[in-house]
>>> print(open('entry_28.cif').read())   # mmCIF, C-alpha atoms and all ligand atoms
data_structure
#
loop_
_atom_site.label_atom_id
_atom_site.label_comp_id
_atom_site.auth_asym_id
_atom_site.auth_seq_id
_atom_site.Cartn_x
_atom_site.Cartn_y
_atom_site.Cartn_z
CA THR A 200 0.00 0.00 0.00
CA ILE A 201 3.02 2.32 0.16
CA LEU A 202 2.94 2.01 -3.63
CA ALA A 203 -0.79 2.82 -3.74
CA ASN A 204 -0.11 5.83 -1.54
CA GLN A 205 2.70 7.00 -3.80
CA ILE A 206 0.37 6.71 -6.78
CA ALA A 207 -2.29 8.76 -4.96
CA ALA A 208 0.48 11.20 -3.99
CA GLY A 209 1.03 11.77 -7.71
CA GLU A 210 -2.43 13.35 -7.79
CA VAL A 211 -2.69 14.92 -4.34
CA VAL A 212 0.87 16.14 -3.76
CA GLU A 213 2.13 17.54 -6.99
CA ARG A 214 4.42 20.09 -5.38
CA PRO A 215 5.30 21.65 -1.99
CA ALA A 216 2.31 23.99 -2.23
CA SER A 217 -0.04 20.98 -2.39
CA VAL A 218 1.38 19.70 0.90
CA VAL A 219 0.84 23.11 2.49
CA LYS A 220 -2.73 23.18 1.17
CA GLU A 221 -3.64 19.75 2.53
CA LEU A 222 -2.07 20.36 5.95
CA VAL A 223 -3.66 23.77 6.37
CA GLU A 224 -7.06 22.42 5.26
CA ASN A 225 -6.77 19.74 7.92
CA ALA A 226 -5.99 22.43 10.49
CA ILE A 227 -9.05 24.44 9.39
CA ASP A 228 -11.26 21.34 9.52
CA ALA A 229 -10.06 20.80 13.11
CA ASP A 230 -11.62 24.17 14.10
CA SER A 231 -8.29 25.89 14.68
CA THR A 232 -8.27 29.58 15.52
CA GLU A 233 -4.56 30.02 14.78
CA ILE A 234 -2.49 28.35 12.06
CA ASP A 235 1.22 29.02 11.66
CA VAL A 236 3.07 27.82 8.58
CA THR A 237 6.87 27.67 8.46
CA ILE A 238 8.73 26.95 5.24
CA GLU A 239 12.40 26.30 4.56
CA ASN A 240 13.91 26.16 1.09
CA SER A 241 10.56 26.48 -0.69
CA GLY A 242 9.21 23.55 1.29
CA LEU A 243 11.74 21.00 0.12
CA LYS A 244 13.67 21.17 3.36
CA LEU A 245 10.76 21.81 5.71
CA ILE A 246 7.03 22.46 5.77
CA LYS A 247 5.70 22.87 9.27
CA VAL A 248 2.08 23.60 10.15
CA VAL A 249 1.16 24.31 13.77
CA ASP A 250 -2.49 24.55 14.75
CA ASP A 251 -4.49 24.93 17.95
CA GLY A 252 -7.37 22.76 16.77
CA ASN A 253 -9.07 19.69 18.19
CA GLY A 254 -6.13 17.33 17.81
CA ILE A 255 -6.30 13.57 17.27
CA ASP A 256 -6.89 11.05 20.02
CA LYS A 257 -4.00 8.69 20.70
CA SER A 258 -6.07 5.72 19.50
CA GLN A 259 -6.71 7.37 16.11
CA VAL A 260 -3.28 8.74 15.22
CA GLN A 261 -2.07 5.76 13.20
CA THR A 262 -5.49 5.43 11.54
CA ALA A 263 -5.16 9.01 10.26
CA PHE A 264 -2.18 7.85 8.16
CA LEU A 265 -4.14 5.01 6.54
CA ARG A 266 -5.50 5.43 3.05
CA HIS A 267 -9.17 6.44 2.85
CA ALA A 268 -9.31 6.85 6.60
CA THR A 269 -11.23 10.02 7.20
CA SER A 270 -13.01 11.10 10.35
CA LYS A 271 -15.06 13.59 8.34
CA ILE A 272 -17.66 11.58 6.51
CA SER A 273 -19.04 8.23 7.52
CA GLU A 274 -21.73 7.37 5.03
CA GLN A 275 -22.13 7.68 1.31
CA ARG A 276 -24.82 10.33 1.43
CA ASP A 277 -22.46 12.55 3.46
CA LEU A 278 -20.58 13.03 0.19
CA PHE A 279 -23.42 15.24 -1.01
CA ARG A 280 -23.30 17.55 1.97
CA VAL A 281 -19.61 17.94 2.57
CA ARG A 282 -18.91 20.88 4.86
CA THR A 283 -15.29 20.09 5.66
CA LEU A 284 -12.41 20.83 3.30
CA GLY A 285 -11.14 17.26 3.45
CA PHE A 286 -13.13 14.06 3.06
CA ARG A 287 -11.09 11.70 0.91
CA GLY A 288 -8.62 10.54 3.56
CA GLU A 289 -5.72 10.69 1.11
CA ALA A 290 -3.51 13.54 2.22
CA LEU A 291 -1.62 12.15 5.20
CA PRO A 292 -0.88 8.72 3.66
CA SER A 293 0.11 10.36 0.36
CA ILE A 294 2.40 12.96 1.93
CA SER A 295 4.03 10.43 4.25
CA SER A 296 4.77 8.12 1.31
CA VAL A 297 6.95 10.78 -0.36
CA ALA A 298 8.57 12.50 2.64
CA ASP A 299 9.52 12.22 6.29
CA VAL A 300 6.63 13.28 8.49
CA THR A 301 6.50 13.97 12.20
CA MET A 302 3.15 14.70 13.80
CA LYS A 303 2.61 15.86 17.37
CA THR A 304 -1.01 16.00 18.34
CA SER A 305 -3.12 16.32 21.43
CA THR A 306 -6.80 16.64 22.24
CA GLY A 307 -5.87 18.37 25.50
CA SER A 308 -4.68 15.45 27.59
CA VAL A 309 -1.51 13.42 26.95
CA GLY A 310 -0.28 14.01 23.42
CA THR A 311 1.15 11.64 20.84
CA GLU A 312 4.15 12.02 18.58
CA VAL A 313 4.60 9.81 15.52
CA THR A 314 7.27 9.75 12.85
CA TYR A 315 6.83 8.24 9.39
CA LYS A 316 9.63 7.78 6.88
CA GLY A 317 8.77 6.81 3.33
CA GLY A 318 5.30 5.77 4.44
CA LYS A 319 6.43 3.56 7.32
CA LEU A 320 5.85 4.28 10.99
CA VAL A 321 9.25 4.50 12.65
CA SER A 322 8.32 5.73 16.12
CA GLN A 323 5.43 6.60 18.39
CA GLN A 324 5.75 8.15 21.82
CA ALA A 325 3.90 10.30 24.32
CA SER A 326 4.34 14.04 23.90
CA GLU A 327 3.25 17.37 25.33
CA SER A 328 -0.42 17.97 26.04
CA ARG A 329 -0.92 21.40 24.45
CA LYS A 330 -4.17 21.05 22.50
CA GLY A 331 -3.63 21.05 18.74
CA THR A 332 -1.51 19.50 16.06
CA THR A 333 1.93 20.13 14.61
CA VAL A 334 2.91 18.43 11.37
CA ALA A 335 6.47 18.73 10.09
CA VAL A 336 7.26 17.44 6.60
CA SER A 337 10.90 17.20 5.60
CA SER A 338 12.89 15.70 2.73
CA LEU A 339 9.88 16.06 0.45
CA PHE A 340 10.08 13.90 -2.72
CA TYR A 341 13.44 12.39 -1.65
CA ASN A 342 12.25 9.00 -2.90
CA THR A 343 10.56 10.23 -6.07
CA PRO A 344 13.38 11.91 -8.03
CA ALA A 345 11.20 12.36 -11.12
CA ARG A 346 8.83 14.54 -9.11
CA LEU A 347 11.74 16.59 -7.78
CA LYS A 348 13.06 17.18 -11.26
CA TYR A 349 9.66 18.33 -12.50
CA LEU A 350 9.42 21.17 -9.95
CA SER A 351 9.85 24.80 -10.98
CA SER A 352 12.48 27.18 -9.61
CA PRO A 353 12.59 27.67 -5.82
CA ASN A 354 11.08 31.15 -6.23
CA THR A 355 8.17 29.87 -8.28
CA GLU A 356 7.47 27.05 -5.82
CA LEU A 357 7.57 29.56 -2.95
CA SER A 358 5.17 31.89 -4.71
CA LYS A 359 2.76 28.98 -5.22
CA ILE A 360 2.93 28.27 -1.48
CA SER A 361 2.35 31.90 -0.67
CA ASP A 362 -0.58 32.00 -3.10
CA ILE A 363 -2.23 28.97 -1.48
CA VAL A 364 -1.83 30.34 2.06
CA ASN A 365 -3.19 33.72 0.94
CA ARG A 366 -6.28 32.09 -0.52
CA LEU A 367 -6.83 29.92 2.53
CA ALA A 368 -6.53 33.05 4.68
CA LEU A 369 -9.08 34.85 2.47
CA SER A 370 -11.41 31.85 2.76
CA HIS A 371 -11.13 31.90 6.55
CA PRO A 372 -10.84 35.44 7.95
CA GLU A 373 -11.85 34.02 11.35
CA VAL A 374 -8.54 32.13 11.56
CA ALA A 375 -5.26 33.90 12.39
CA PHE A 376 -2.68 32.81 9.83
CA SER A 377 1.04 33.33 9.58
CA LEU A 378 3.45 32.27 6.87
CA ILE A 379 7.18 32.41 7.48
CA SER A 380 9.68 31.43 4.81
CA ASN A 381 13.38 31.09 5.68
CA GLY A 382 12.75 33.32 8.69
CA ARG A 383 10.93 36.01 6.72
CA GLU A 384 7.27 36.78 7.45
CA LEU A 385 5.22 36.69 4.24
CA LEU A 386 1.74 36.88 5.75
CA ARG A 387 0.06 37.56 9.07
CA THR A 388 -3.68 37.92 9.59
CA SER A 389 -5.51 38.81 12.77
CA GLY A 390 -8.19 36.12 12.80
CA ARG A 391 -10.78 38.73 13.74
CA GLY A 392 -13.05 37.72 10.90
CA ASP A 393 -12.70 40.85 8.80
CA LEU A 394 -12.28 39.88 5.14
CA LEU A 395 -11.27 43.43 4.14
CA GLN A 396 -8.43 43.34 6.68
CA VAL A 397 -7.18 40.05 5.26
CA LEU A 398 -7.31 41.58 1.79
CA GLY A 399 -5.20 44.46 3.10
CA SER A 400 -2.59 42.12 4.59
CA ILE A 401 -2.25 40.34 1.25
CA TYR A 402 -2.57 43.07 -1.37
CA GLY A 403 -1.36 46.00 0.76
CA VAL A 404 -3.28 48.36 3.06
CA LYS A 405 -3.59 50.95 0.29
CA THR A 406 -5.89 48.66 -1.71
CA ILE A 407 -8.46 48.67 1.10
CA ALA A 408 -9.73 52.16 0.24
CA LYS A 409 -10.41 51.02 -3.35
CA MET A 410 -12.35 47.88 -2.50
CA GLN A 411 -16.14 47.88 -2.36
CA PRO A 412 -18.45 45.35 -0.73
CA ILE A 413 -20.92 43.55 -2.96
CA LYS A 414 -24.08 41.66 -2.08
CA GLY A 415 -26.57 39.45 -3.83
CA ASP A 416 -28.94 36.68 -2.94
CA ASP A 417 -31.48 34.24 -4.16
CA LEU A 418 -33.43 31.53 -2.34
CA ASP A 419 -30.52 29.28 -1.44
CA ILE A 420 -27.53 31.29 -2.66
CA LYS A 421 -25.76 34.24 -1.01
CA ILE A 422 -23.08 36.32 -2.70
CA GLY A 423 -20.76 38.65 -0.78
CA GLY A 424 -17.18 39.84 -0.61
CA TYR A 425 -15.25 42.77 -2.05
CA VAL A 426 -14.30 43.92 -5.53
CA SER A 427 -12.00 46.73 -6.61
CA LEU A 428 -13.18 49.97 -8.18
CA PRO A 429 -12.39 50.04 -11.93
CA GLU A 430 -9.42 52.32 -11.22
CA LEU A 431 -7.63 49.51 -9.35
CA THR A 432 -6.77 46.71 -11.72
CA ARG A 433 -4.11 44.11 -12.37
CA SER A 434 -2.78 42.56 -15.55
CA SER A 435 -3.86 39.04 -14.58
CA ARG A 436 -7.02 37.22 -13.55
CA ASN A 437 -5.15 35.74 -10.59
CA TYR A 438 -6.38 38.48 -8.28
CA ILE A 439 -9.93 37.22 -8.60
CA SER A 440 -10.65 34.72 -5.82
CA LEU A 441 -13.80 32.66 -5.54
CA ILE A 442 -14.76 31.14 -2.21
CA LEU A 443 -17.61 28.66 -2.23
CA ASN A 444 -18.82 27.61 1.24
CA GLY A 445 -15.39 28.39 2.72
CA ARG A 446 -13.57 26.48 -0.01
CA PHE A 447 -11.35 28.30 -2.48
CA ILE A 448 -12.33 27.15 -5.99
CA ARG A 449 -11.18 27.61 -9.55
CA ASN A 450 -14.05 28.19 -11.94
CA PHE A 451 -13.72 29.91 -15.28
CA PRO A 452 -17.39 30.83 -15.93
CA LEU A 453 -17.71 32.47 -12.51
CA THR A 454 -14.38 34.31 -12.95
CA LYS A 455 -15.75 35.53 -16.26
CA ALA A 456 -18.95 36.63 -14.47
CA VAL A 457 -16.84 38.89 -12.22
CA ILE A 458 -15.16 40.50 -15.22
CA ASN A 459 -18.49 40.81 -17.08
CA GLY A 460 -19.94 42.71 -14.12
CA TYR A 461 -17.63 45.59 -15.02
CA GLY A 462 -18.90 45.70 -18.61
CA SER A 463 -16.74 48.13 -20.59
CA LYS A 464 -15.37 49.84 -17.48
CA LEU A 465 -12.16 47.78 -17.46
CA MET A 466 -9.39 48.53 -19.91
CA ILE A 467 -8.51 45.73 -22.30
CA GLY A 468 -6.13 43.30 -20.62
CA ARG A 469 -6.88 44.64 -17.13
CA PHE A 470 -8.64 42.69 -14.38
CA PRO A 471 -10.06 43.63 -10.99
CA ILE A 472 -8.97 42.49 -7.57
CA ALA A 473 -11.91 40.56 -6.16
CA VAL A 474 -12.77 38.16 -3.39
CA ILE A 475 -16.21 36.75 -4.00
CA THR A 476 -17.83 34.65 -1.31
CA ILE A 477 -20.59 32.31 -2.41
CA ASN A 478 -22.69 30.47 0.12
CA ALA A 479 -24.96 27.81 -1.26
CA ASP A 480 -26.71 24.67 -0.10
CA PRO A 481 -23.98 21.95 -0.14
CA ALA A 482 -26.49 19.70 -1.91
CA LEU A 483 -26.06 21.89 -5.02
CA ILE A 484 -22.34 21.24 -5.13
CA ASP A 485 -20.34 18.18 -6.03
CA VAL A 486 -16.88 18.59 -4.52
CA ASN A 487 -15.75 15.07 -5.33
CA VAL A 488 -14.62 15.82 -8.89
CA HIS A 489 -10.85 15.98 -8.48
CA PRO A 490 -8.43 14.84 -5.74
CA THR A 491 -7.26 18.39 -5.05
CA LYS A 492 -10.91 19.45 -4.57
CA GLN A 493 -10.32 22.80 -6.29
CA GLU A 494 -12.62 21.96 -9.13
CA VAL A 495 -16.21 21.48 -8.14
CA ARG A 496 -19.44 20.92 -10.03
CA ILE A 497 -22.17 23.41 -9.23
CA SER A 498 -25.68 22.70 -10.39
CA ASP A 499 -26.76 26.34 -10.54
CA GLU A 500 -23.63 27.86 -12.02
CA PRO A 501 -25.33 30.24 -14.51
CA LYS A 502 -27.59 31.60 -11.79
CA ILE A 503 -24.63 32.19 -9.46
CA GLY A 504 -22.76 33.85 -12.33
CA SER A 505 -25.56 36.29 -13.02
CA LEU A 506 -25.96 37.06 -9.31
CA ILE A 507 -22.25 37.98 -9.21
CA SER A 508 -22.37 40.14 -12.35
CA THR A 509 -25.51 41.92 -11.14
CA ALA A 510 -24.04 42.57 -7.68
CA ILE A 511 -20.99 44.21 -9.26
CA GLN A 512 -23.13 46.30 -11.67
CA GLN A 513 -25.23 47.40 -8.70
CA MET A 514 -22.15 48.50 -6.74
CA LEU A 515 -20.82 50.43 -9.76
CA SER A 516 -24.12 52.21 -10.35
CA ASP A 517 -24.40 53.04 -6.60
CA LYS A 518 -21.01 54.71 -7.00
CA ASN A 519 -22.18 56.48 -10.19
CA LEU A 520 -19.58 54.64 -12.22
P1 LIG B 1 -9.18 13.98 5.17
O1 LIG B 1 -8.81 15.38 5.50
O2 LIG B 1 -9.64 13.84 3.76
O3 LIG B 1 -10.12 13.36 6.17
P2 LIG B 1 -6.37 13.42 5.66
O4 LIG B 1 -5.48 12.32 5.19
O5 LIG B 1 -6.02 14.80 5.27
O6 LIG B 1 -7.85 13.07 5.21
O7 LIG B 1 -6.45 13.33 7.25
C1 LIG B 1 -6.88 12.11 7.84
C2 LIG B 1 -7.54 12.37 9.18
O8 LIG B 1 -6.57 12.81 10.12
C3 LIG B 1 -8.60 13.45 9.17
O9 LIG B 1 -9.87 12.92 8.80
C4 LIG B 1 -8.59 13.93 10.62
O10 LIG B 1 -9.38 13.09 11.42
C5 LIG B 1 -7.14 13.72 11.05
N1 LIG B 1 -6.34 14.97 11.00
C6 LIG B 1 -5.41 15.29 10.06
N2 LIG B 1 -4.84 16.48 10.35
C7 LIG B 1 -5.41 16.94 11.48
C8 LIG B 1 -5.27 18.14 12.28
N3 LIG B 1 -4.40 19.10 11.96
N4 LIG B 1 -6.04 18.25 13.39
C9 LIG B 1 -6.93 17.28 13.73
N5 LIG B 1 -7.11 16.14 13.02
C10 LIG B 1 -6.38 15.97 11.90
MG MG B 2 -7.26 16.42 4.67
#
>>> encode(input="entry_28.cif", output="structure tokens", more="lines below")
Ligand code: ADP
Ligand code: MG
Amino acid sequence: TILANQIAAGEVVERPASVVKELVENAIDADSTEIDVTIENSGLKLIKVVDDGNGIDKSQVQTAFLRHATSKISEQRDLFRVRTLGFRGEALPSISSVADVTMKTSTGSVGTEVTYKGGKLVSQQASESRKGTTVAVSSLFYNTPARLKYLSSPNTELSKISDIVNRLALSHPEVAFSLISNGRELLRTSGRGDLLQVLGSIYGVKTIAKMQPIKGDDLDIKIGGYVSLPELTRSSRNYISLILNGRFIRNFPLTKAVINGYGSKLMIGRFPIAVITINADPALIDVNVHPTKQEVRISDEPKIGSLISTAIQQMLSDKNL
């Protein structure tokens, strides 16, 4: 099964940023209020995620590293109302099959520390009782040289990590995040639940004054978030973030709907900064489309798209733009 885990790792852990994403999602699912990410050498030397969440009971720690072991859904119909970020039970076994992993975890009483090397448990012992979980991943891809060779430059890999943490922070303003790379702080959010503040920490405080809230709703769909005034644009679509039920998603038609909301008010080749939150009945969404869970199927996509475009038009006309 180490082989099966390495095969799954090919899909789930493409690069250091995927490890960061999976570990931080686990921390969010554990109801953490503070998540600190430390990176060394673009994640190849070290990726460490410290959370203050619920932790894992001693009796469940080894189970968490088994394939398809998830504590998050227990029956098939749960798949159609997924509220957690994880549900496939693939991340920990996949990551531990291509790296060295140490996890310290505690539910508040005696903690547990386990170490896995190349997918095999090499030690388990009692550890401190501070509630929460620390996962440290080192020597990533040491046993899959092809994967190592396929990675981009250290700077590109680091920017992908930073991008993922930024988007997770935008998706969860109620969680205090920090990202430190080779001793340098790249992100810090307050965890006070203010999306605009998180936007400011990522894109710079000066952008805050040029962001406007938007709102829209229909029976079972709510649209919110912030978009930039037409005077504040970027040369790439990457500054448009879509957050569906707390999950950052990639979706071209909805990204297009954001741009369309501006009509002719954007210059050719320019794109807004936007963080659009979409809250919809989980029954309308199929998240089990791809292992990385960034692509989802939404049954009412055109309706959501027009709600977004209309909300932006409304904001612009309120501002006489
Ligand atoms: P999934 O997230 O899809 O359930 P993972 O392989 O990512 O699968 O994690 C397996 C299990 O380990 C989770 O279901 C959860 O019970 C537990 N777990 C992993 N990370 C944490 C964490 N940081 N805090 C608490 N529990 C965790
Ligand atoms: Mg997970």
>>> residues_around(input="entry_28.cif", residues="Thr232 (chain A)", least_positions_apart="6", cutoff="12 Å", atoms="all atoms listed in the file", output="list of chain:residue names")
A:Val223, A:Ala226, A:Val249, A:Asp250, A:Asp251, A:Gly252, A:Asn253, A:Lys330, A:Gly331, A:Ala368, A:His371, A:Pro372, A:Glu373, A:Val374, A:Ala375, A:Phe376, A:Ser377, A:Thr388, A:Ser389, A:Gly390, A:Arg391, A:Gly392
>>> write_last_selection(input="entry_28.cif", atoms="C-alpha atoms", output="mmCIF file, keeping the file's coordinate frame")
data_model
loop_
_atom_site.group_PDB
_atom_site.id
_atom_site.type_symbol
_atom_site.label_atom_id
_atom_site.label_comp_id
_atom_site.auth_asym_id
_atom_site.auth_seq_id
_atom_site.Cartn_x
_atom_site.Cartn_y
_atom_site.Cartn_z
ATOM 1 C CA VAL A 223 -3.660 23.770 6.370
ATOM 2 C CA ALA A 226 -5.990 22.430 10.490
ATOM 3 C CA VAL A 249 1.160 24.310 13.770
ATOM 4 C CA ASP A 250 -2.490 24.550 14.750
ATOM 5 C CA ASP A 251 -4.490 24.930 17.950
ATOM 6 C CA GLY A 252 -7.370 22.760 16.770
ATOM 7 C CA ASN A 253 -9.070 19.690 18.190
ATOM 8 C CA LYS A 330 -4.170 21.050 22.500
ATOM 9 C CA GLY A 331 -3.630 21.050 18.740
ATOM 10 C CA ALA A 368 -6.530 33.050 4.680
ATOM 11 C CA HIS A 371 -11.130 31.900 6.550
ATOM 12 C CA PRO A 372 -10.840 35.440 7.950
ATOM 13 C CA GLU A 373 -11.850 34.020 11.350
ATOM 14 C CA VAL A 374 -8.540 32.130 11.560
ATOM 15 C CA ALA A 375 -5.260 33.900 12.390
ATOM 16 C CA PHE A 376 -2.680 32.810 9.830
ATOM 17 C CA SER A 377 1.040 33.330 9.580
ATOM 18 C CA THR A 388 -3.680 37.920 9.590
ATOM 19 C CA SER A 389 -5.510 38.810 12.770
ATOM 20 C CA GLY A 390 -8.190 36.120 12.800
ATOM 21 C CA ARG A 391 -10.780 38.730 13.740
ATOM 22 C CA GLY A 392 -13.050 37.720 10.900
#
>>> axis_aligned_box(input="entry_28.cif", around="ligand LIG 1 (chain B)", padding_each_side="3 Å", output="lines of an AutoDock Vina configuration file")
center_x = -7.3
center_y = 15.6
center_z = 8.7
size_x = 11.7
size_y = 13.0
size_z = 16.0
>>> residues_around(input="entry_28.cif", residues="region 495-510 of chain A", least_positions_apart="6", cutoff="12 Å", atoms="all atoms listed in the file", output="PyMOL selection string")
chain A and resi 279+281+411-426+441-444+446-462+473-489+516-517
>>> residues_near_ligand(input="entry_28.cif", ligand="ligand LIG 1 (chain B)", cutoff="6 Å", atoms="all atoms listed in the file", output="VMD selection string")
chain A and resid 225 to 226 229 252 to 255 263 268 to 271 285 to 291 332
>>> residues_around(input="entry_28.cif", residues="Thr314 (chain A)", least_positions_apart="2", cutoff="12 Å", atoms="only C-alpha atoms", output="MDAnalysis selection string")
chainID A and resid 260:261 264 291 295:296 298:304 311:312 316:325 333:337
>>> atom_distance(input="entry_28.cif", atom1="CA of Ile363 (chain A)", atom2="CA of Leu378 (chain A)")
10.6 Å
>>> closest_residue(input="entry_28.cif", among="A:Leu350, A:Leu385, A:Ile379, A:Leu222", to="ligand MG 2 (chain B)", atoms="only C-alpha atoms and all ligand atoms")
A:Leu222
>>> atom_distance(input="entry_28.cif", atom1="CA of Asn240 (chain A)", atom2="CA of Lys348 (chain A)")
15.3 Å
>>> closest_residue(input="entry_28.cif", among="A:Leu284, A:Glu239, A:Val218, A:Gln205", to="ligand MG 2 (chain B)", atoms="all atoms listed in the file")
A:Leu284
>>> closest_residue(input="entry_28.cif", among="A:Lys257, A:His267, A:Arg329, A:Lys220", to="Ser361 (chain A)", atoms="all atoms listed in the file")
A:Lys220
>>> closest_residue(input="entry_28.cif", among="A:Ser231, A:Pro292, A:Ile246, A:Ala216", to="ligand MG 2 (chain B)", atoms="all atoms listed in the file")
A:Pro292
>>> atom_distance(input="entry_28.cif", atom1="CA of Ser435 (chain A)", atom2="CA of Lys518 (chain A)")
24.4 Å
